[in-house]
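Q: Here it is, the structure, as structure tokens.
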Amino acid sequence: MPRLDGRVALVTGAGRGFGRAIALALARAGADVAVNYRASAAGAAEVAREIEKDGRRALTVRADVSREDEVRPMIDGVLRTWGRLDVLVNNAGVMARGPFLETPVAAYADMLAINVTGTMLCSRHALPAMVERGHGRIINLSSQLAQRGVGGGGFTAYATSKGAIEAFTRALAGEVGPHGVTVNAIAPGGIETDMSRGVMTEEYRARRLAELPLRRFGGVEDVAYCAVALAADEAGYLTGQILHPSGGWVMG
């Protein structure tokens with residue numbers, strides 16, 4: 001596993017699921033980690049305690065990533081506390097599921113605000129410190145649904161938000177690469193999380209397993225490993241890329 005000693009990371013939506021696993025994995029690799037949450041205060045506090053047990057520093061920061069008036073002080077607080085921000089993981093996200101014609105506009109507007117605008121706002125306010133240091137890693141969370149549809153799954157609006165994140169990843173990578181900042185994304189698929197278990201019916205679960213070449217679901221640790229690898233100095237020549245921990249559901 002690559003080492004991240006001396007690095008400072010901020011993981012949004014880190015109180016549960018992918019965010020929790022990524023925050024803990026970054027800490028195990030040697031980073032100090034700011035744990036962002038919006039509603040999962042207890043979960044974020046538990047993650048922070050586990051990070052500190054591993055001998056790293058942790059900071060819990062509440063912010064709604066869709067609000068610039070909360071994102072700016074969150075980033076400023078990390079910089080004020082630790083003097084630097086090397087790794088930003090834009091993980092915070094929500095899912096509105098249902099047939100597109102039956103999904104309330106307010107539901108997917110809220111999802112776009114958190115998933116897409118939140119990713120852009122956090123990147124916007126983290127970048128000046130990274131550009132000044134000539135080094136940084138931005139890691140965005142996408143989904144296999146941005147590239148492969150699931151008939152009858154009710155994921156049209158969600159897939160749209162993740163497709164926007166992938167376009168943002170590639171465009172921003174080209175813009176900030178000359179400043180030593182890489183921008184990549186992770187697009188998980190076939191991963192068991194609290195969110196996925198909440199939307200999987202038995203029929204859907206069986207169908208998805210049959211579609212996976214590896215014939216098994218992955219875990220959040222498979223996604224966390226990708227985040228650590230992308231955050232490492234050794235990944236400095238990777239940018240504008242989308243990693244696919246998906247059991248082979250999306251290839252290439």
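Residues are named by chain letter and number: chains run A, B, ... in the order of the structure tokens, numbers start at 1 in each chain, and ligands are numbered from 1 in the order shown.
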Apply DSSP to the structure's backbone, then extract all residues of range 143-202 of chain A labelled strand (DSSP E) and return them as a PyMOL selection string.
A: chain A and resi 181-186
Q: Between A:Gly248, A:Gly15, A:Gly55, A:Gly136, single out the one closest to Leu214 in chain A, counting only C-alpha atoms.
A: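 The closest residue to Leu214 in chain A is A:Gly248.
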Q: Please tabulate, as a tab-separated table, the residues of range 66-99 of chain A that come within 12 Å of range 164-173 of chain A, each with its closest pair of atoms and the distance in Å to one decimal, counting only C-alpha atoms and ordering rows by chain, then residue number upward.
A:
residue	atom	partner	partner_atom	distance
A:Asn90	CA	A:Ile165	CA	9.9
A:Asn91	CA	A:Ile165	CA	11.0
A:Gly93	CA	A:Ile165	CA	11.2
Q: Write the residues of the preceding selection, restricted to C-alpha atoms, as a PDB file, in the first residue's frame.
A:
ATOM      1  CA  ASN A  90     -15.425  14.422  -3.010  1.00  0.00           C
ATOM      2  CA  ASN A  91     -17.498  11.535  -1.731  1.00  0.00           C
ATOM      3  CA  GLY A  93     -23.671  12.181  -2.334  1.00  0.00           C
TER       4      GLY A  93
END
Q: Rank A:Asn115, A:Ser161, A:Thr182, A:Gln144 by their smallest atom-to-atom distance to Leu127 in chain A, using only C-alpha atoms, and report the top residue only.
A: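 Checking each of A:Asn115, A:Ser161, A:Thr182, A:Gln144 against Leu127 in chain A, counting only C-alpha atoms, the winner is A:Thr182.
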Q: Find the residue from A:Leu59, A:Val78, A:Leu238, A:Leu4 that sits nearest to Ala31 in chain A; use only C-alpha atoms when measuring.
A: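 Checking each of A:Leu59, A:Val78, A:Leu238, A:Leu4 against Ala31 in chain A, counting only C-alpha atoms, the winner is A:Leu4.
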Q: Please report the interatomic distance between CA of Ala185 in chain A and CA of Gly118 in chain A in Å with one decimal.
A: 14.7 Å
Q: Record the distance separating CA of Ala235 in chain A and CA of Val183 in chain A, expressed in Å with one decimal.
A: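 Going from CA of Ala235 in chain A over to CA of Val183 in chain A covers 10.7 Å.
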Q: Excluding range 199-212 of chain A and its own-chain neighbours fewer than 4 positions away, which residues fall within 8 Å of it when counting only C-alpha atoms? Please give them as a list in words.
A: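 The contact residues come out as Gly190, Met195, Arg216, Phe217, Ser246, Gly247, Gly248 and Trp249 of chain A.
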Q: Given the choices A:Gln147, A:Asn140, A:Ser66, A:Thr81, which gets closest to Ala109 in chain A if the distance is worked out from only C-alpha atoms?
A: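 Counting only C-alpha atoms, the residue closest to Ala109 in chain A is A:Ser66.
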Q: Pick out each residue of range 25-204 of chain A that DSSP on the backbone tags as helix (DSSP H, G or I); I need them as an MDAnalysis selection string.
A: chainID A and resid 25:28 41:53 68:82 100:102 105:133 144:146 156:179 194:199 202:204
Q: Kindly provide the residues of range 114-194 of chain A that approach range 16-26 of chain A to within 12 Å, each paired with its closest atom pair and their distance in Å to one decimal, based on only C-alpha atoms, listed by chain and increasing number, as a tab-separated table.
A:
residue	atom	partner	partner_atom	distance
A:Ile139	CA	A:Ile22	CA	10.8
A:Asn140	CA	A:Gly19	CA	11.1
A:Leu141	CA	A:Phe18	CA	9.1
A:Ser142	CA	A:Phe18	CA	11.4
A:Ser143	CA	A:Phe18	CA	11.9
A:Ile186	CA	A:Phe18	CA	10.7
A:Ala187	CA	A:Phe18	CA	11.4
A:Pro188	CA	A:Phe18	CA	9.6
A:Ile191	CA	A:Phe18	CA	9.6
A:Glu192	CA	A:Gly17	CA	9.1
A:Thr193	CA	A:Gly17	CA	5.8
A:Asp194	CA	A:Gly17	CA	6.5
Q: Take the selection from the previous step and output its residues with C-alpha atoms, as an mmCIF file, in the first residue's frame.
A:
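See again_24.cif below for the written result:
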data_model
loop_
_atom_site.group_PDB
_atom_site.id
_atom_site.type_symbol
_atom_site.label_atom_id
_atom_site.label_comp_id
_atom_site.auth_asym_id
_atom_site.auth_seq_id
_atom_site.Cartn_x
_atom_site.Cartn_y
_atom_site.Cartn_z
ATOM 1 C CA ILE A 139 -10.574 12.347 -6.133
ATOM 2 C CA ASN A 140 -14.232 12.383 -7.125
ATOM 3 C CA LEU A 141 -16.790 9.627 -6.592
ATOM 4 C CA SER A 142 -18.742 8.620 -9.672
ATOM 5 C CA SER A 143 -20.660 5.418 -10.402
ATOM 6 C CA ILE A 186 -13.601 6.333 -8.861
ATOM 7 C CA ALA A 187 -16.712 4.759 -10.386
ATOM 8 C CA PRO A 188 -17.746 1.831 -8.170
ATOM 9 C CA ILE A 191 -20.383 -2.752 -4.186
ATOM 10 C CA GLU A 192 -22.425 -3.494 -1.080
ATOM 11 C CA THR A 193 -23.094 -0.365 0.978
ATOM 12 C CA ASP A 194 -25.883 0.917 3.200
#
Q: My list of candidates is A:Tyr158, A:Val176, A:Ala146, A:Arg56. Which is closest to Ile242 in chain A when distances are computed with only C-alpha atoms?
A: A:Ala146
Q: Restricting the calculation to only C-alpha atoms, which member of A:Glu102, A:Asp76, A:Glu46, A:Glu175 is positioned closest to Ala126 in chain A?
A: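 Closest candidate: A:Asp76.
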Q: Any idea what the distance is between CA of Asn184 in chain A and CA of Ala58 in chain A?
A: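 Result for CA of Asn184 in chain A versus CA of Ala58 in chain A: 24.0 Å, one decimal.
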Q: Need to verify the contact set: Met1 in chain A, 8 Å, only C-alpha atoms, exclusion of same-chain residues closer than 2 positions in sequence. Can you return it as a list in words?
A: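 Near Met1 in chain A, the qualifying residues are Arg3, Ala29, Val228 and Ala229 of chain A.
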Q: May I have the selected residues written with N, CA and C atoms, as a short mmCIF file (atom, residue, chain, number, x, y, z; two decimals), in the first residue's frame?
A:
data_model
loop_
_atom_site.label_atom_id
_atom_site.label_comp_id
_atom_site.auth_asym_id
_atom_site.auth_seq_id
_atom_site.Cartn_x
_atom_site.Cartn_y
_atom_site.Cartn_z
N ARG A 3 2.29 4.98 0.77
CA ARG A 3 2.30 5.73 2.02
C ARG A 3 1.92 7.18 1.76
N ALA A 29 -2.75 4.74 5.86
CA ALA A 29 -1.60 4.97 4.98
C ALA A 29 -0.72 6.11 5.47
N VAL A 228 -6.64 5.50 -1.96
CA VAL A 228 -5.27 5.60 -1.43
C VAL A 228 -4.27 5.60 -2.58
N ALA A 229 -4.48 4.72 -3.56
CA ALA A 229 -3.57 4.64 -4.69
C ALA A 229 -3.54 5.96 -5.46
#
